[in-house]
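Asks: Structure file input00.txt, compact mmCIF, C-alpha atoms, is pasted below:
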# COMPACT_ATOMS: atom_id res chain seq x y z
CA MET L 1024 -24.25 -35.73 58.77
CA ILE L 1025 -21.57 -33.26 59.64
CA GLN L 1026 -19.07 -35.37 57.76
CA GLU L 1027 -21.21 -35.26 54.64
CA VAL L 1028 -21.56 -31.48 54.93
CA LEU L 1029 -17.80 -31.09 55.27
CA MET L 1030 -17.21 -33.30 52.26
CA LEU L 1031 -19.73 -31.32 50.25
CA ALA L 1032 -18.12 -28.05 51.27
CA ALA L 1033 -14.71 -29.41 50.37
CA GLY L 1034 -16.03 -30.51 46.98
CA VAL L 1035 -17.61 -27.12 46.32
CA GLY L 1036 -14.42 -25.38 47.34
CA ALA L 1037 -12.37 -27.57 45.06
CA ALA L 1038 -14.78 -26.89 42.20
CA ILE L 1039 -14.55 -23.15 42.81
CA ALA L 1040 -10.76 -23.34 42.90
CA VAL L 1041 -10.66 -25.27 39.64
CA TYR L 1042 -13.12 -22.85 38.05
CA ALA L 1043 -11.15 -19.87 39.25
CA GLY L 1044 -7.93 -21.37 37.96
CA ALA L 1045 -9.49 -22.03 34.57
CA ALA L 1046 -11.19 -18.63 34.37
CA ALA L 1047 -8.38 -16.44 35.67
CA ARG L 1048 -6.21 -14.64 33.14
CA VAL L 1049 -3.43 -12.06 33.51
CA VAL L 1050 -2.88 -9.51 30.75
CA LYS L 1051 0.49 -7.76 30.75
CA GLN L 1052 0.89 -4.03 30.44
CA TYR L 1053 1.99 -4.16 26.78
CA GLU L 1054 -0.79 -6.59 25.80
CA ARG L 1055 -4.52 -6.49 25.18
CA GLY L 1056 -6.94 -9.41 25.46
CA VAL L 1057 -9.46 -10.23 22.70
CA VAL L 1058 -12.21 -12.60 23.93
CA PHE L 1059 -14.26 -14.93 21.72
CA ARG L 1060 -17.41 -16.56 23.16
CA PHE L 1061 -18.61 -19.53 21.17
CA GLY L 1062 -16.51 -18.19 18.29
CA ARG L 1063 -18.05 -14.73 18.34
CA LEU L 1064 -16.03 -11.64 19.20
CA ARG L 1065 -16.91 -9.98 22.46
CA GLY L 1066 -17.10 -6.23 22.16
CA ASP L 1067 -14.89 -5.41 25.12
CA VAL L 1068 -11.11 -5.69 24.84
CA ARG L 1069 -9.55 -6.76 28.11
CA ALA L 1070 -7.22 -4.16 29.61
CA PRO L 1071 -3.91 -5.02 31.33
CA GLY L 1072 -4.18 -6.71 34.69
CA PHE L 1073 -6.21 -9.55 36.18
CA THR L 1074 -9.34 -10.61 34.31
CA MET L 1075 -11.81 -13.49 34.28
CA ILE L 1076 -13.37 -15.45 31.42
CA VAL L 1077 -15.91 -18.26 31.31
CA PRO L 1078 -14.04 -21.54 31.04
CA VAL L 1079 -14.77 -23.73 28.04
CA VAL L 1080 -17.06 -21.05 26.66
CA ASP L 1081 -14.58 -18.19 26.16
CA ARG L 1082 -11.25 -18.09 24.37
CA MET L 1083 -8.91 -15.15 24.84
CA HIS L 1084 -6.14 -14.09 22.41
CA LYS L 1085 -3.43 -11.79 23.68
CA VAL L 1086 -2.17 -9.19 21.20
CA ASN L 1087 1.18 -7.47 21.64
CA MET L 1088 0.89 -3.67 21.40
CA GLN L 1089 4.62 -2.94 21.28
CA ILE L 1090 6.33 -1.47 18.24
CA VAL L 1091 7.61 -4.26 16.02
CA THR L 1092 10.90 -3.87 14.13
CA MET L 1093 10.72 -5.96 10.98
CA PRO L 1094 13.63 -6.16 8.50
CA VAL L 1095 12.61 -6.36 4.86
CA PRO L 1096 14.74 -8.82 2.85
CA ALA L 1097 16.90 -7.30 0.13
CA GLN L 1098 14.96 -6.87 -3.09
CA GLU L 1099 16.67 -6.80 -6.48
CA GLY L 1100 15.20 -4.61 -9.18
CA ILE L 1101 15.94 -2.32 -12.11
CA THR L 1102 15.67 1.41 -11.59
CA ARG L 1103 14.04 3.81 -14.01
CA ASP L 1104 17.45 4.60 -15.56
CA ASN L 1105 18.14 0.87 -16.16
CA VAL L 1106 20.53 0.12 -13.28
CA THR L 1107 20.28 -3.18 -11.39
CA VAL L 1108 20.36 -2.65 -7.61
CA ARG L 1109 19.61 -4.53 -4.41
CA VAL L 1110 17.79 -2.59 -1.71
CA ASP L 1111 16.86 -3.66 1.80
CA ALA L 1112 14.79 -1.77 4.37
CA VAL L 1113 13.30 -1.94 7.85
CA VAL L 1114 9.68 -1.32 8.90
CA TYR L 1115 8.50 -0.09 12.30
CA PHE L 1116 4.82 -0.73 13.05
CA LYS L 1117 2.45 -1.41 15.93
CA VAL L 1118 -1.08 -2.69 16.52
CA VAL L 1119 -3.63 0.02 17.27
CA ASP L 1120 -6.78 -2.11 17.10
CA PRO L 1121 -6.34 -5.61 18.62
CA ALA L 1122 -9.74 -6.88 17.43
CA ASP L 1123 -9.06 -6.03 13.78
CA ALA L 1124 -5.52 -7.44 13.99
CA VAL L 1125 -6.99 -10.79 15.10
CA VAL L 1126 -10.17 -10.90 13.01
CA ARG L 1127 -9.39 -9.15 9.72
CA VAL L 1128 -6.05 -10.77 8.87
CA GLU L 1129 -4.68 -14.23 9.55
CA ASP L 1130 -1.13 -13.14 10.46
CA TYR L 1131 -0.65 -9.39 10.45
CA LYS L 1132 3.16 -9.64 10.74
CA PHE L 1133 3.44 -11.84 7.66
CA ALA L 1134 1.02 -9.58 5.80
CA VAL L 1135 3.02 -6.46 6.61
CA SER L 1136 6.25 -8.21 5.56
CA GLN L 1137 4.87 -9.24 2.17
CA MET L 1138 3.36 -5.81 1.57
CA ALA L 1139 6.70 -4.16 2.44
CA GLN L 1140 8.61 -6.32 -0.03
CA THR L 1141 6.12 -5.59 -2.81
CA SER L 1142 6.14 -1.87 -2.12
CA LEU L 1143 9.94 -1.79 -2.01
CA ARG L 1144 10.20 -3.40 -5.44
CA SER L 1145 7.66 -0.93 -6.78
CA ILE L 1146 9.65 2.01 -5.37
CA ILE L 1147 12.85 0.69 -7.00
CA GLY L 1148 11.19 0.57 -10.42
CA LYS L 1149 9.80 4.11 -10.10
CA SER L 1150 13.01 5.78 -8.88
CA ASP L 1151 16.33 6.78 -10.40
CA LEU L 1152 19.67 5.68 -9.02
CA ASP L 1153 20.45 9.20 -7.80
CA ASP L 1154 17.20 9.24 -5.81
CA LEU L 1155 18.05 5.94 -4.13
CA LEU L 1156 21.48 7.23 -3.13
CA SER L 1157 20.77 10.83 -2.14
CA ASN L 1158 17.00 11.35 -1.76
CA ARG L 1159 16.10 8.55 0.63
CA GLU L 1160 13.88 10.66 2.87
CA LYS L 1161 11.39 11.15 0.07
CA LEU L 1162 11.45 7.44 -0.79
CA ASN L 1163 10.92 6.53 2.86
CA GLN L 1164 7.82 8.70 2.96
CA GLY L 1165 6.52 7.08 -0.22
CA LEU L 1166 7.05 3.61 1.21
CA GLU L 1167 5.28 4.59 4.42
CA LEU L 1168 2.23 5.82 2.50
CA MET L 1169 2.11 2.68 0.38
CA LEU L 1170 2.17 0.45 3.48
CA ASP L 1171 -0.08 2.54 5.70
CA SER L 1172 -3.14 2.40 3.43
CA PRO L 1173 -3.79 -1.38 3.59
CA ALA L 1174 -2.36 -1.75 7.09
CA MET L 1175 -4.99 0.51 8.62
CA GLY L 1176 -7.66 -2.04 7.66
CA TRP L 1177 -5.73 -4.68 9.59
CA GLY L 1178 -5.61 -2.63 12.80
CA VAL L 1179 -1.91 -1.88 12.24
CA ALA L 1180 -0.28 1.55 12.04
CA ILE L 1181 3.04 2.00 10.20
CA ASP L 1182 5.28 4.09 12.42
CA ARG L 1183 8.31 4.48 10.12
CA VAL L 1184 10.01 2.93 7.08
CA GLU L 1185 13.75 3.26 6.43
CA ILE L 1186 15.85 2.14 3.46
CA LYS L 1187 18.96 0.57 4.98
CA ASP L 1188 21.37 -0.09 2.13
CA VAL L 1189 21.63 0.10 -1.65
CA SER L 1190 23.99 -2.44 -3.23
CA LEU L 1191 25.41 -1.63 -6.67
CA PRO L 1192 27.30 -3.86 -9.14
CA GLU L 1193 31.09 -3.52 -9.16
CA THR L 1194 31.11 -2.15 -12.70
CA MET L 1195 28.70 0.61 -11.68
CA LYS L 1196 30.86 1.45 -8.65
CA ARG L 1197 33.93 1.83 -10.86
CA SER L 1198 32.02 3.99 -13.34
CA MET L 1199 30.78 6.26 -10.56
CA ALA L 1200 34.31 6.52 -9.16
CA ARG L 1201 35.66 7.54 -12.58
CA GLN L 1202 32.88 10.08 -12.97
CA ALA L 1203 33.60 11.60 -9.57
CA GLU L 1204 37.32 11.72 -10.33
CA ALA L 1205 36.71 13.45 -13.67
CA ASP L 1206 34.41 15.98 -12.03
CA ARG L 1207 37.00 16.79 -9.35
CA GLU L 1208 39.70 17.15 -12.00
CA ARG L 1209 37.49 19.50 -13.98
CA ARG L 1210 36.88 21.66 -10.91
CA ALA L 1211 40.61 21.69 -10.13
CA ARG L 1212 41.40 22.91 -13.64
CA VAL L 1213 38.77 25.62 -13.41
CA ILE L 1214 40.19 26.77 -10.08
CA ASN L 1215 43.74 26.82 -11.49
CA ALA L 1216 42.61 28.78 -14.54
CA ASP L 1217 40.80 31.28 -12.32
CA ALA L 1218 43.92 31.66 -10.19
CA GLU L 1219 46.06 32.23 -13.29
CA LEU L 1220 43.63 34.89 -14.49
CA GLN L 1221 43.71 36.72 -11.17
CA ALA L 1222 47.51 36.44 -11.01
CA SER L 1223 47.87 37.81 -14.55
CA LYS L 1224 45.75 40.83 -13.63
CA LYS L 1225 47.89 41.52 -10.57
CA LEU L 1226 51.08 41.08 -12.60
CA ALA L 1227 49.77 43.50 -15.22
CA GLU L 1228 49.10 46.07 -12.49
CA ALA L 1229 52.58 45.50 -11.05
CA ALA L 1230 54.14 45.89 -14.50
CA GLY L 1231 52.31 49.18 -14.91
CA VAL L 1232 53.71 50.47 -11.60
CA MET L 1233 57.25 49.32 -12.48
CA ALA L 1234 57.00 51.01 -15.88
CA THR L 1235 56.28 54.36 -14.25
CA GLU L 1236 58.88 53.86 -11.47
CA PRO L 1237 62.07 52.11 -12.76
CA ALA L 1238 63.47 51.93 -9.22
CA ALA L 1239 60.72 49.50 -8.29
CA LEU L 1240 62.17 46.93 -10.67
CA GLN L 1241 65.57 47.26 -9.04
CA LEU L 1242 64.02 46.77 -5.59
CA ARG L 1243 62.20 43.69 -6.87
CA LEU L 1244 65.50 42.36 -8.21
CA LEU L 1245 67.16 42.82 -4.82
CA GLN L 1246 64.29 41.01 -3.11
CA THR L 1247 64.69 38.10 -5.52
CA VAL L 1248 68.43 37.94 -4.79
CA MET L 1249 67.72 37.88 -1.04
CA ALA L 1250 65.17 35.12 -1.45
CA VAL L 1251 67.56 33.00 -3.50
CA SER L 1252 70.54 33.58 -1.20
CA ALA L 1253 68.49 32.48 1.82
CA GLU L 1254 68.37 28.95 0.40
CA LYS L 1255 72.21 28.61 0.73
CA ASN L 1256 72.64 27.54 -2.86
CA SER L 1257 76.09 27.30 -4.41
CA THR L 1258 74.92 28.79 -7.70
CA LEU L 1259 73.21 32.14 -7.98
CA VAL L 1260 71.61 33.24 -11.24
CA LEU L 1261 71.44 37.04 -11.35
CA PRO L 1262 69.17 38.43 -14.09
CA ILE L 1263 70.19 41.75 -15.67
CA PRO L 1264 67.32 44.20 -15.92
CA VAL L 1265 66.52 45.65 -19.32
CA GLU L 1266 66.70 49.13 -17.82
CA LEU L 1267 70.37 48.59 -16.97
CA LEU L 1268 71.15 47.65 -20.56
CA ARG L 1269 69.30 50.71 -21.77
CA PHE L 1270 71.30 52.87 -19.33
CA LEU L 1271 74.59 51.46 -20.68
CA GLU L 1272 73.38 51.99 -24.22
CA ARG L 1273 72.66 55.64 -23.49
CA ALA L 1274 76.05 56.06 -21.80
CA THR L 1275 77.98 54.50 -24.73
CA PRO L 1276 79.04 57.01 -27.47
CA THR L 1277 77.17 56.35 -30.68
CA GLY L 1278 79.85 57.43 -33.21
CA PRO L 1279 81.44 60.52 -34.87
CA THR L 1280 79.98 63.92 -34.21
CA ASP L 1281 79.71 64.87 -37.88
CA GLY L 1282 76.61 62.77 -38.24
CA SER L 1283 78.12 60.14 -40.52
CA ALA L 1284 77.59 56.57 -39.39
CA PRO L 1285 80.78 54.56 -38.79
CA ALA L 1286 81.42 51.71 -41.11
CA PRO L 1287 80.85 48.35 -39.50
CA LEU L 1288 83.99 46.34 -38.83
CA PRO L 1289 84.43 42.90 -40.25
CA LEU L 1290 83.75 40.08 -37.87
CA SER L 1291 87.38 38.89 -37.66
CA GLU L 1292 88.74 42.39 -37.10
CA ALA L 1293 86.16 43.13 -34.39
CA TYR L 1294 87.04 39.85 -32.68
CA LEU L 1295 90.81 40.61 -32.77
CA LYS L 1296 90.31 44.10 -31.43
CA GLY L 1297 88.13 42.85 -28.63
CA ARG L 1298 90.72 40.20 -27.71
CA ALA L 1299 93.54 42.75 -27.75
CA ALA L 1300 91.57 45.10 -25.49
CA ALA L 1301 90.88 42.28 -23.04
CA GLN L 1302 94.59 41.27 -23.01
CA GLU L 1303 95.65 44.88 -22.34
CA ALA L 1304 93.19 45.07 -19.44
CA VAL L 1305 94.69 41.89 -17.97
CA GLU L 1306 98.23 43.17 -18.37
CA ASP L 1307 97.30 46.37 -16.60
CA LEU L 1308 96.13 44.35 -13.61
CA THR L 1309 98.67 41.48 -13.51
CA GLY L 1310 101.58 42.71 -15.59
CA PRO L 1311 102.72 41.69 -19.09
CA SER L 1312 102.24 38.08 -19.90
CA ILE L 1313 105.27 36.02 -20.91
CA GLU L 1314 104.61 33.47 -23.58
CA PRO L 1315 106.80 30.35 -23.54
CA ALA L 1316 109.40 30.04 -26.34
CA PRO L 1317 108.63 27.43 -28.94
CA ARG L 1318 110.61 24.23 -28.64
CA SER L 1319 112.90 23.17 -31.42
CA LYS L 1320 112.57 19.84 -33.06
CA GLY L 1321 115.94 18.70 -31.84
CA THR L 1322 115.33 19.29 -28.15
Hey, can you dump this file as structure tokens for me?
Replies:
Amino acid sequence: MIQEVLMLAAGVGAAIAVYAGAAARVVKQYERGVVFRFGRLRGDVRAPGFTMIVPVVDRMHKVNMQIVTMPVPAQEGITRDNVTVRVDAVVYFKVVDPADAVVRVEDYKFAVSQMAQTSLRSIIGKSDLDDLLSNREKLNQGLELMLDSPAMGWGVAIDRVEIKDVSLPETMKRSMARQAEADRERRARVINADAELQASKKLAEAAGVMATEPAALQLRLLQTVMAVSAEKNSTLVLPIPVELLRFLERATPTGPTDGSAPAPLPLSEAYLKGRAAAQEAVEDLTGPSIEPAPRSKGT
């Protein structure tokens, strides 16, 4: 009798252990458990930790509540200004309602991926190339709104959408490089022209000061000579100021005092007189020059 009782107790214990093993479930901290009883959804979502279900009767699906990072494959499209581009993006989303994510959509990850690709192609067709390259923040917000509307019905919340890269054809890259180079050259020319204008104004002011003070021009000449001599050049070009020529012109006698203008000398006579005066000046400094005697034909 006692043996039968012990065997019965052992059988009941084994049955309880098997039942407990089949009914016990552990839900992780980042998961939630959705329980179906005879195919019908139970209202309560199992929280993280240890939980029990009815074996054979209940089925529990665990839903990950972490943020999912999903890359969107590169989509090729034509922009509004007729440029062919390839754009890829990345979507960050998470499940906010585990029951809807299991019941309302077959595979919420696949659904979000397909919706992201469709929305990305739509954004490409509605945008210009400049917007894709420089105004990505606005496009990211537009993509997020387009994805968030249907995803809310699936128990999924779109956290963020980012456009990763925009690939352009090689011909378009070369055209943009030429455009940027031309724009920089234009700005350089404008800057040079502005500098020339400012320099001309300063030079005009300096010329006005030098016109009122002739000594200023002489000082400027001496500064130029110092600057050139500092380079240790073998050749020094010394410009003669116009004021010096005017001073010599005023110091040179103009002609007879009776008011009659002297008759101009012929060119040959003026040349001979100038040569004779130069020879006399040389003789005064070095003595009379001795010209060699002409050789006879016989010697």
Asks: Residues near stretch 1182-1193 of chain L, anyone? I mean within 8 Å using all atoms listed in the file, not counting same-chain ones fewer than 3 positions away, as a ChimeraX atom specification.
Replies: /L:1107-1117,1155-1156,1159,1163-1164,1166-1167,1196-1197
Asks: Keeping only C-alpha atoms, write the selected residues as an mmCIF file, in the frame of the given file.
Replies:
data_model
loop_
_atom_site.group_PDB
_atom_site.id
_atom_site.type_symbol
_atom_site.label_atom_id
_atom_site.label_comp_id
_atom_site.auth_asym_id
_atom_site.auth_seq_id
_atom_site.Cartn_x
_atom_site.Cartn_y
_atom_site.Cartn_z
ATOM 1 C CA THR L 1107 20.280 -3.180 -11.390
ATOM 2 C CA VAL L 1108 20.360 -2.650 -7.610
ATOM 3 C CA ARG L 1109 19.610 -4.530 -4.410
ATOM 4 C CA VAL L 1110 17.790 -2.590 -1.710
ATOM 5 C CA ASP L 1111 16.860 -3.660 1.800
ATOM 6 C CA ALA L 1112 14.790 -1.770 4.370
ATOM 7 C CA VAL L 1113 13.300 -1.940 7.850
ATOM 8 C CA VAL L 1114 9.680 -1.320 8.900
ATOM 9 C CA TYR L 1115 8.500 -0.090 12.300
ATOM 10 C CA PHE L 1116 4.820 -0.730 13.050
ATOM 11 C CA LYS L 1117 2.450 -1.410 15.930
ATOM 12 C CA LEU L 1155 18.050 5.940 -4.130
ATOM 13 C CA LEU L 1156 21.480 7.230 -3.130
ATOM 14 C CA ARG L 1159 16.100 8.550 0.630
ATOM 15 C CA ASN L 1163 10.920 6.530 2.860
ATOM 16 C CA GLN L 1164 7.820 8.700 2.960
ATOM 17 C CA LEU L 1166 7.050 3.610 1.210
ATOM 18 C CA GLU L 1167 5.280 4.590 4.420
ATOM 19 C CA LYS L 1196 30.860 1.450 -8.650
ATOM 20 C CA ARG L 1197 33.930 1.830 -10.860
#
Asks: Which is closer to L:Arg1063 than all the others in L:Lys1085, L:Ala1122, L:Ala1032, L:Ala1047, using all atoms listed in the file?
Replies: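 Among the listed residues, the smallest separation from L:Arg1063 belongs to L:Ala1122.
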Asks: Smallest atom-to-atom distance to L:Gln1098: which of L:Ala1216, L:Gln1140, L:Gly1148, L:Ser1198, using only C-alpha atoms?
Replies: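 With only C-alpha atoms as the atom set, the closest residue is L:Gln1140.
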Asks: List every protein, DNA or RNA residue that has an atom no more than 6 Å from (-2.6, -4.5, 31.5) in the file's coordinate frame, counting only C-alpha atoms, and report them as a list of chain:residue names.
Replies: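 Output of the proximity query reads L:Val1050, L:Lys1051, L:Gln1052, L:Ala1070, L:Pro1071, L:Gly1072.
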Asks: Keeping only C-alpha atoms, write the selected residues to a file as a PDB file, in the frame of the given file.
Replies:
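As a result, out27.pdb now contains:
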ATOM      1  CA  VAL L1050      -2.880  -9.510  30.750  1.00  0.00           C
ATOM      2  CA  LYS L1051       0.490  -7.760  30.750  1.00  0.00           C
ATOM      3  CA  GLN L1052       0.890  -4.030  30.440  1.00  0.00           C
ATOM      4  CA  ALA L1070      -7.220  -4.160  29.610  1.00  0.00           C
ATOM      5  CA  PRO L1071      -3.910  -5.020  31.330  1.00  0.00           C
ATOM      6  CA  GLY L1072      -4.180  -6.710  34.690  1.00  0.00           C
TER       7      GLY L1072
END
Asks: Enter the distance from atom CA of L:Ala1139 to atom CA of L:Val1095, in Å, rounded to one decimal.
Replies: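 We find that atom CA of L:Ala1139 and atom CA of L:Val1095 lie 6.8 Å from each other.
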Asks: Please determine, counting only C-alpha atoms, which residue among L:Pro1121, L:Pro1173, L:Gly1165, L:Gly1178 has the shortest atom-to-atom distance to L:Met1138.
Replies: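 Ranking L:Pro1121, L:Pro1173, L:Gly1165, L:Gly1178 by distance to L:Met1138, first place goes to L:Pro1173.
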Asks: Using only C-alpha atoms, which residue out of L:Val1106, L:Ser1252, L:Lys1224, L:Thr1235 lies closest to L:Thr1194?
Replies: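 Checking each candidate against L:Thr1194, we get L:Val1106 as the closest.
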Asks: State, in Å with one decimal place, the distance from atom CA of L:Tyr1053 to atom CA of L:Gln1089.
Replies: 6.2 Å
Asks: Report the distance between atom CA of L:Ile1181 and atom CA of L:Asp1067 in Å, rounded to one decimal place.
Replies: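 Separation of atom CA of L:Ile1181 and atom CA of L:Asp1067: 24.5 Å.
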Asks: Would you mind telling me which residue in L:Met1088, L:Ala1250, L:Ala1174, L:Leu1152 lies nearest to L:Ile1101 when using all atoms listed in the file?
Replies: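 Ranked by minimum distance to L:Ile1101, first place goes to L:Leu1152.
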Asks: Which centre and edge lengths in Å to one decimal define the box along x, y and z that fits every listed atom of stretch 1220-1225 of chain L plus 3 Å per side, as JSON?
Replies:
{"center_x": 45.8, "center_y": 38.2, "center_z": -12.6, "size_x": 10.3, "size_y": 12.6, "size_z": 10.0}
Asks: Using only C-alpha atoms, find the one residue out of L:Val1079, L:Arg1269, L:Glu1219, L:Ser1136 that sits nearest to L:Pro1237.
Replies: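 Closest candidate: L:Arg1269.
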